[in-house]
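Q: Before anything else, here's the structure in question.
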Amino acid sequence: MNKKIYQSREIIFRQGELGDSFFRVLRGSVMIILDYEQPDALVLAMLEKGQFFGEMAVIEKYARSATAVAGPEGAEVEEISCDETDGYLAGDPDLSIALMKHLGTRIADLTASYEDAVGLIREISEDPEISGGSKYKERTKKHARKRRSGLKSVDAMVNDKILLEKYGEHSKGYSKKVQEFPAGTVIVKEGMTGNCMYDIHWGRVGIYRGYGTDAELKITELYPNTFFGEMGLIRNEPRTATAVALEDTTLEVILEEDLRELFEKNPAKAGMIMAHLSNRLRKLTDQYEDTCDLVCKVIDAWDSNSPISTQLAAEIKEFAAKL
């Protein structure tokens with residue numbers, strides 16, 4: 001971990017660079033700017049003391065999505081490399097909780113942008129007048145600037161198996177609350193407000209949309225050493241899906257009021273949760289950028305005053321069908 005001082009307007013890192021560390025503001029402020037030094041540069045955020053940035057590199061190297069610049073009065077920041085993350089979090093449970101909430105907020109904000117972009121692609125795919133761009137132009141603008149930088153995660157294959165090798169089985173070490181759920185039990189229900197997250201120690205959990213209805217859709221199946229429901233704990237948001245025990249299942253139920261004690265007695269658990277959130281954020285970022293790439297192709301066609309080609313129209317419909 002290094003503490004660094006930056007003068008007013010000094011660049012901390014540039015958009016597109018490959019990063020293997022994240023940062024916390026200790027003094028002053030930091031501006032996060034998209035397309036820095038370009039005529040259409042956009043300030044995405046002004047960060048103050050205690051806030052994190054560069055969090056996509058919590059567990060893996062990742063291309064910076066924007067440029068970080070010291071604010072008008074300069075900035076002092078703490079830089080934490082990927083390799084130092086676990087030790088950094090183990091030293092102060094409150095830092096783990098703060099970073100966890102920060103990652104949760106990033107996921108929530110990015111999810112909203114992604115869902116809007118997905119909705120846009122669906123509307124365009126169903127529009128018989130698909131060559132007429134004026135109807136969608138304003139909505140496409142906010143997604144047009146998220147075209148891929150050309151750099152992606154170096155460790156793009158980071159997955160649950162690799163994280164398991166790093167942290168071990170989630171059932172090891174101190175657990176605050178462990179409960180048994182018989183096969184067929186509805187653990188959380190879509191639409192209900194949540195206040196906890198779950199860590200699977202044993203068994204299998206199915207994640208469904210429209211569970212018990214004619215439109216029931218099984219989204220995925222989760223196995224031991226994986227988490228779910230974290231946005232309920234972090235933001236008290238309504239559940240976006242229903243979770244059902246597919247067999248007799250043992251879960252660790254994690255409440256916000258238990259986090260400090262849990263992280264103090266089992267620091268590895270903080271690393272597990274942070275790795276899970278970072279991995280989820282990376283995957284969501286990739287999905288959003290894929291969608292924005294397609295939006296940009298549509299905009300390019302409109303800007304050239306050309307009708308959308310048959311090939312691009314087919315690509316849009318195929319993409320929408322997969323969503």
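Here, A, B, ... name the chains of the structure tokens in the order displayed, residue numbers run from 1 inside each chain, and ligands are numbered from 1 in the same displayed order.
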Mind checking which residues fall within 9 Å of Ser21 of chain A, counting only C-alpha atoms, ignoring those fewer than 6 positions away in the same chain, and posting them as a PDB file with N, CA and C atoms, in the first residue's frame?
A:
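Writing done, so here's part10.pdb:
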```pdb
ATOM      1  N   GLY A  54     -11.264   3.202  -9.019  1.00  0.00           N
ATOM      2  CA  GLY A  54     -10.432   2.167  -9.639  1.00  0.00           C
ATOM      3  C   GLY A  54     -10.764   0.776  -9.152  1.00  0.00           C
ATOM      4  N   GLU A  55     -12.014   0.577  -8.661  1.00  0.00           N
ATOM      5  CA  GLU A  55     -12.387  -0.657  -7.964  1.00  0.00           C
ATOM      6  C   GLU A  55     -12.493  -1.870  -8.877  1.00  0.00           C
ATOM      7  N   MET A  56     -12.479  -1.684 -10.199  1.00  0.00           N
ATOM      8  CA  MET A  56     -12.532  -2.833 -11.095  1.00  0.00           C
ATOM      9  C   MET A  56     -11.295  -3.712 -10.945  1.00  0.00           C
ATOM     10  N   ALA A  57     -10.240  -3.178 -10.317  1.00  0.00           N
ATOM     11  CA  ALA A  57      -9.006  -3.936 -10.140  1.00  0.00           C
ATOM     12  C   ALA A  57      -8.885  -4.525  -8.738  1.00  0.00           C
ATOM     13  N   VAL A  58      -9.996  -4.690  -8.035  1.00  0.00           N
ATOM     14  CA  VAL A  58      -9.930  -5.248  -6.684  1.00  0.00           C
ATOM     15  C   VAL A  58      -9.320  -6.641  -6.696  1.00  0.00           C
ATOM     16  N   ILE A  59      -9.690  -7.481  -7.661  1.00  0.00           N
ATOM     17  CA  ILE A  59      -9.146  -8.844  -7.689  1.00  0.00           C
ATOM     18  C   ILE A  59      -8.424  -9.175  -8.984  1.00  0.00           C
ATOM     19  N   GLU A  60      -8.449  -8.287  -9.973  1.00  0.00           N
ATOM     20  CA  GLU A  60      -7.816  -8.607 -11.257  1.00  0.00           C
ATOM     21  C   GLU A  60      -7.479  -7.340 -12.015  1.00  0.00           C
ATOM     22  N   LYS A  61      -6.514  -7.441 -12.930  1.00  0.00           N
ATOM     23  CA  LYS A  61      -6.155  -6.309 -13.763  1.00  0.00           C
ATOM     24  C   LYS A  61      -7.297  -6.017 -14.733  1.00  0.00           C
ATOM     25  N   GLU A  79      -3.047   3.876  -2.463  1.00  0.00           N
ATOM     26  CA  GLU A  79      -3.126   2.919  -3.563  1.00  0.00           C
ATOM     27  C   GLU A  79      -2.930   1.507  -3.033  1.00  0.00           C
ATOM     28  N   ILE A  80      -3.857   0.618  -3.368  1.00  0.00           N
ATOM     29  CA  ILE A  80      -3.816  -0.769  -2.889  1.00  0.00           C
ATOM     30  C   ILE A  80      -3.777  -1.694  -4.101  1.00  0.00           C
ATOM     31  N   SER A  81      -2.745  -2.499  -4.213  1.00  0.00           N
ATOM     32  CA  SER A  81      -2.631  -3.409  -5.346  1.00  0.00           C
ATOM     33  C   SER A  81      -3.546  -4.615  -5.144  1.00  0.00           C
ATOM     34  N   CYS A  82      -3.798  -5.349  -6.233  1.00  0.00           N
ATOM     35  CA  CYS A  82      -4.623  -6.560  -6.137  1.00  0.00           C
ATOM     36  C   CYS A  82      -4.071  -7.504  -5.081  1.00  0.00           C
ATOM     37  N   ASP A  83      -2.766  -7.665  -5.080  1.00  0.00           N
ATOM     38  CA  ASP A  83      -2.130  -8.617  -4.165  1.00  0.00           C
ATOM     39  C   ASP A  83      -2.224  -8.179  -2.704  1.00  0.00           C
ATOM     40  N   GLU A  84      -2.406  -6.890  -2.484  1.00  0.00           N
ATOM     41  CA  GLU A  84      -2.472  -6.368  -1.114  1.00  0.00           C
ATOM     42  C   GLU A  84      -3.893  -6.287  -0.570  1.00  0.00           C
ATOM     43  N   THR A  85      -4.867  -6.584  -1.406  1.00  0.00           N
ATOM     44  CA  THR A  85      -6.268  -6.356  -1.034  1.00  0.00           C
ATOM     45  C   THR A  85      -6.658  -7.094   0.240  1.00  0.00           C
TER      46      THR A  85
END
```
Q: Using only C-alpha atoms, which residues sit within 10 Å of His102 of chain A once same-chain residues fewer than 6 positions away are excluded, as a list in words?
A: Gln51, Phe52, Phe53, Glu55, Ser96, Ala108, Ile234 and Leu277 of chain A
Q: Tell me which of A:Ala98, A:Leu44, A:Ile5, A:Val69 sits closest to Arg260 of chain A, counting only C-alpha atoms.
A: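 The shortest atom-to-atom distance to Arg260 of chain A comes from A:Ala98.
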Q: Could you check the closest approach to Ile124 of chain A for each of A:Gly104, A:Thr226, A:Asp40, A:Leu312 and tell me which residue wins, using only C-alpha atoms?
A: A:Leu312
Q: I'd like the neighbourhood of Val77 of chain A as a PDB file with N, CA and C atoms, in the first residue's frame, where a residue qualifies if any of its atoms comes within 7 Å (using only C-alpha atoms), though same-chain residues fewer than 4 positions away should be ignored.
A:
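Saved the output as around_14.pdb:
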```
ATOM      1  N   LYS A   3       0.940   5.611  -0.136  1.00  0.00           N
ATOM      2  CA  LYS A   3       0.252   6.891  -0.081  1.00  0.00           C
ATOM      3  C   LYS A   3       0.926   7.824  -1.069  1.00  0.00           C
ATOM      4  N   LYS A   4       0.132   8.476  -1.902  1.00  0.00           N
ATOM      5  CA  LYS A   4       0.670   9.339  -2.932  1.00  0.00           C
ATOM      6  C   LYS A   4      -0.029  10.689  -2.890  1.00  0.00           C
ATOM      7  N   ILE A   5       0.744  11.736  -3.191  1.00  0.00           N
ATOM      8  CA  ILE A   5       0.202  13.090  -3.228  1.00  0.00           C
ATOM      9  C   ILE A   5       0.233  13.587  -4.669  1.00  0.00           C
ATOM     10  N   PHE A  23      -7.899   2.623  -5.379  1.00  0.00           N
ATOM     11  CA  PHE A  23      -7.483   3.780  -4.600  1.00  0.00           C
ATOM     12  C   PHE A  23      -8.573   4.215  -3.620  1.00  0.00           C
ATOM     13  N   ARG A  24      -8.111   4.912  -2.579  1.00  0.00           N
ATOM     14  CA  ARG A  24      -9.019   5.544  -1.612  1.00  0.00           C
ATOM     15  C   ARG A  24      -8.530   6.955  -1.369  1.00  0.00           C
ATOM     16  N   VAL A  25      -9.474   7.908  -1.419  1.00  0.00           N
ATOM     17  CA  VAL A  25      -9.115   9.310  -1.220  1.00  0.00           C
ATOM     18  C   VAL A  25      -8.878   9.564   0.274  1.00  0.00           C
ATOM     19  N   LEU A  26      -7.704  10.089   0.611  1.00  0.00           N
ATOM     20  CA  LEU A  26      -7.376  10.416   1.997  1.00  0.00           C
ATOM     21  C   LEU A  26      -7.553  11.902   2.292  1.00  0.00           C
ATOM     22  N   ARG A  27      -7.299  12.727   1.293  1.00  0.00           N
ATOM     23  CA  ARG A  27      -7.403  14.187   1.465  1.00  0.00           C
ATOM     24  C   ARG A  27      -7.627  14.811   0.102  1.00  0.00           C
TER      25      ARG A  27
END
```
Q: Using only C-alpha atoms for the distances, tell me which of A:Gly194, A:Gly184, A:Pro267, A:Pro224 is nearest to Asp248 of chain A.
A: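 Ranking A:Gly194, A:Gly184, A:Pro267, A:Pro224 by distance to Asp248 of chain A, first place goes to A:Gly184.
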Q: With distances taken over only C-alpha atoms, which residue among A:Asp199, A:Glu169, A:Glu237, A:Glu247 lies nearest Val186 of chain A?
A: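 Of A:Asp199, A:Glu169, A:Glu237, A:Glu247, the one nearest Val186 of chain A, counting only C-alpha atoms, is A:Glu247.
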Q: Pick out the closest residue to Glu264 of chain A from this set: A:Leu18, A:Ile97, A:Cys292, A:Met31. Count only C-alpha atoms.
A: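 Using only C-alpha atoms, the shortest distance to Glu264 of chain A belongs to A:Ile97.
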Q: Any idea what's packed within 7 Å of Glu180 of chain A, counting only C-alpha atoms, ignoring anything in its chain fewer than 6 positions away? Could you give it as a ChimeraX atom specification?
A: /A:249-251
Q: Go ahead and write the residues just picked, C-alpha atoms, as a PDB file, in the first residue's frame.
A:
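New file selection04.pdb:
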```
ATOM      1  CA  THR A 249     -29.334 -26.872   1.557  1.00  0.00           C
ATOM      2  CA  THR A 250     -27.194 -25.224   4.236  1.00  0.00           C
ATOM      3  CA  LEU A 251     -26.830 -21.447   4.014  1.00  0.00           C
TER       4      LEU A 251
END
```
Q: Quick one: residues within 8 Å of Ser171 of chain A, only C-alpha atoms, excluding same-chain residues fewer than 4 positions away - as a PyMOL selection string?
A: chain A and resi 175+201+225
Q: For atom CA of Val178 of chain A and atom CA of Trp202 of chain A, determine how far apart the two atoms are, in Å to one decimal place.
A: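 Distance reported for this atom pair: 10.7 Å.
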Q: Could you tell me, as a PyMOL selection string, which residues of segment 26-133 of chain A DSSP assigns to helix (DSSP H, G or I) when given the backbone?
A: chain A and resi 55-57+82-90+93-126
Q: To one decimal place, how far is atom CA of Leu99 of chain A from atom CA of Glu257 of chain A in Å?
A: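 If I compute the distance from atom CA of Leu99 of chain A to atom CA of Glu257 of chain A, I get 15.8 Å.
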Q: Could you tell me, as a list in words, which residues of segment 188-220 of chain A DSSP assigns to strand (DSSP E or B) when given the backbone?
A: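 Matching residues for strand (DSSP E or B) in segment 188-220 of chain A are Val188, Thr193, Cys196, Met197, Tyr198, Asp199, Ile200, His201, Trp202, Val205, Gly206, Ile207, Tyr208, Arg209, Leu217, Lys218, Ile219 and Thr220 of chain A.
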Q: Using only C-alpha atoms, please write the residues we just selected to a file, as a PDB file, in the first residue's frame.
A:
```
ATOM      1  CA  VAL A 188     -36.211 -15.328  -1.054  1.00  0.00           C
ATOM      2  CA  THR A 193     -37.452  -6.325   0.050  1.00  0.00           C
ATOM      3  CA  CYS A 196     -29.465 -10.043   4.049  1.00  0.00           C
ATOM      4  CA  MET A 197     -27.268 -12.032   1.687  1.00  0.00           C
ATOM      5  CA  TYR A 198     -26.558 -15.757   1.591  1.00  0.00           C
ATOM      6  CA  ASP A 199     -23.451 -17.932   1.344  1.00  0.00           C
ATOM      7  CA  ILE A 200     -24.053 -21.505   0.183  1.00  0.00           C
ATOM      8  CA  HIS A 201     -22.211 -23.973   2.418  1.00  0.00           C
ATOM      9  CA  TRP A 202     -23.938 -27.086   1.103  1.00  0.00           C
ATOM     10  CA  VAL A 205     -30.063 -23.173  -5.118  1.00  0.00           C
ATOM     11  CA  GLY A 206     -32.123 -22.371  -8.219  1.00  0.00           C
ATOM     12  CA  ILE A 207     -32.629 -18.729  -9.228  1.00  0.00           C
ATOM     13  CA  TYR A 208     -35.912 -18.038 -11.035  1.00  0.00           C
ATOM     14  CA  ARG A 209     -37.869 -15.217 -12.621  1.00  0.00           C
ATOM     15  CA  LEU A 217     -37.773 -19.042 -16.116  1.00  0.00           C
ATOM     16  CA  LYS A 218     -34.803 -20.672 -14.394  1.00  0.00           C
ATOM     17  CA  ILE A 219     -31.946 -18.185 -14.706  1.00  0.00           C
ATOM     18  CA  THR A 220     -29.162 -20.180 -13.102  1.00  0.00           C
TER      19      THR A 220
END
```
Q: If you count only C-alpha atoms, which residues fall within 6 Å of Arg64 of chain A, apart from same-chain ones fewer than 4 positions away, as a list in words?
A: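 Close residues of Arg64 of chain A: Gln15, Gly16 and Glu17 of chain A.
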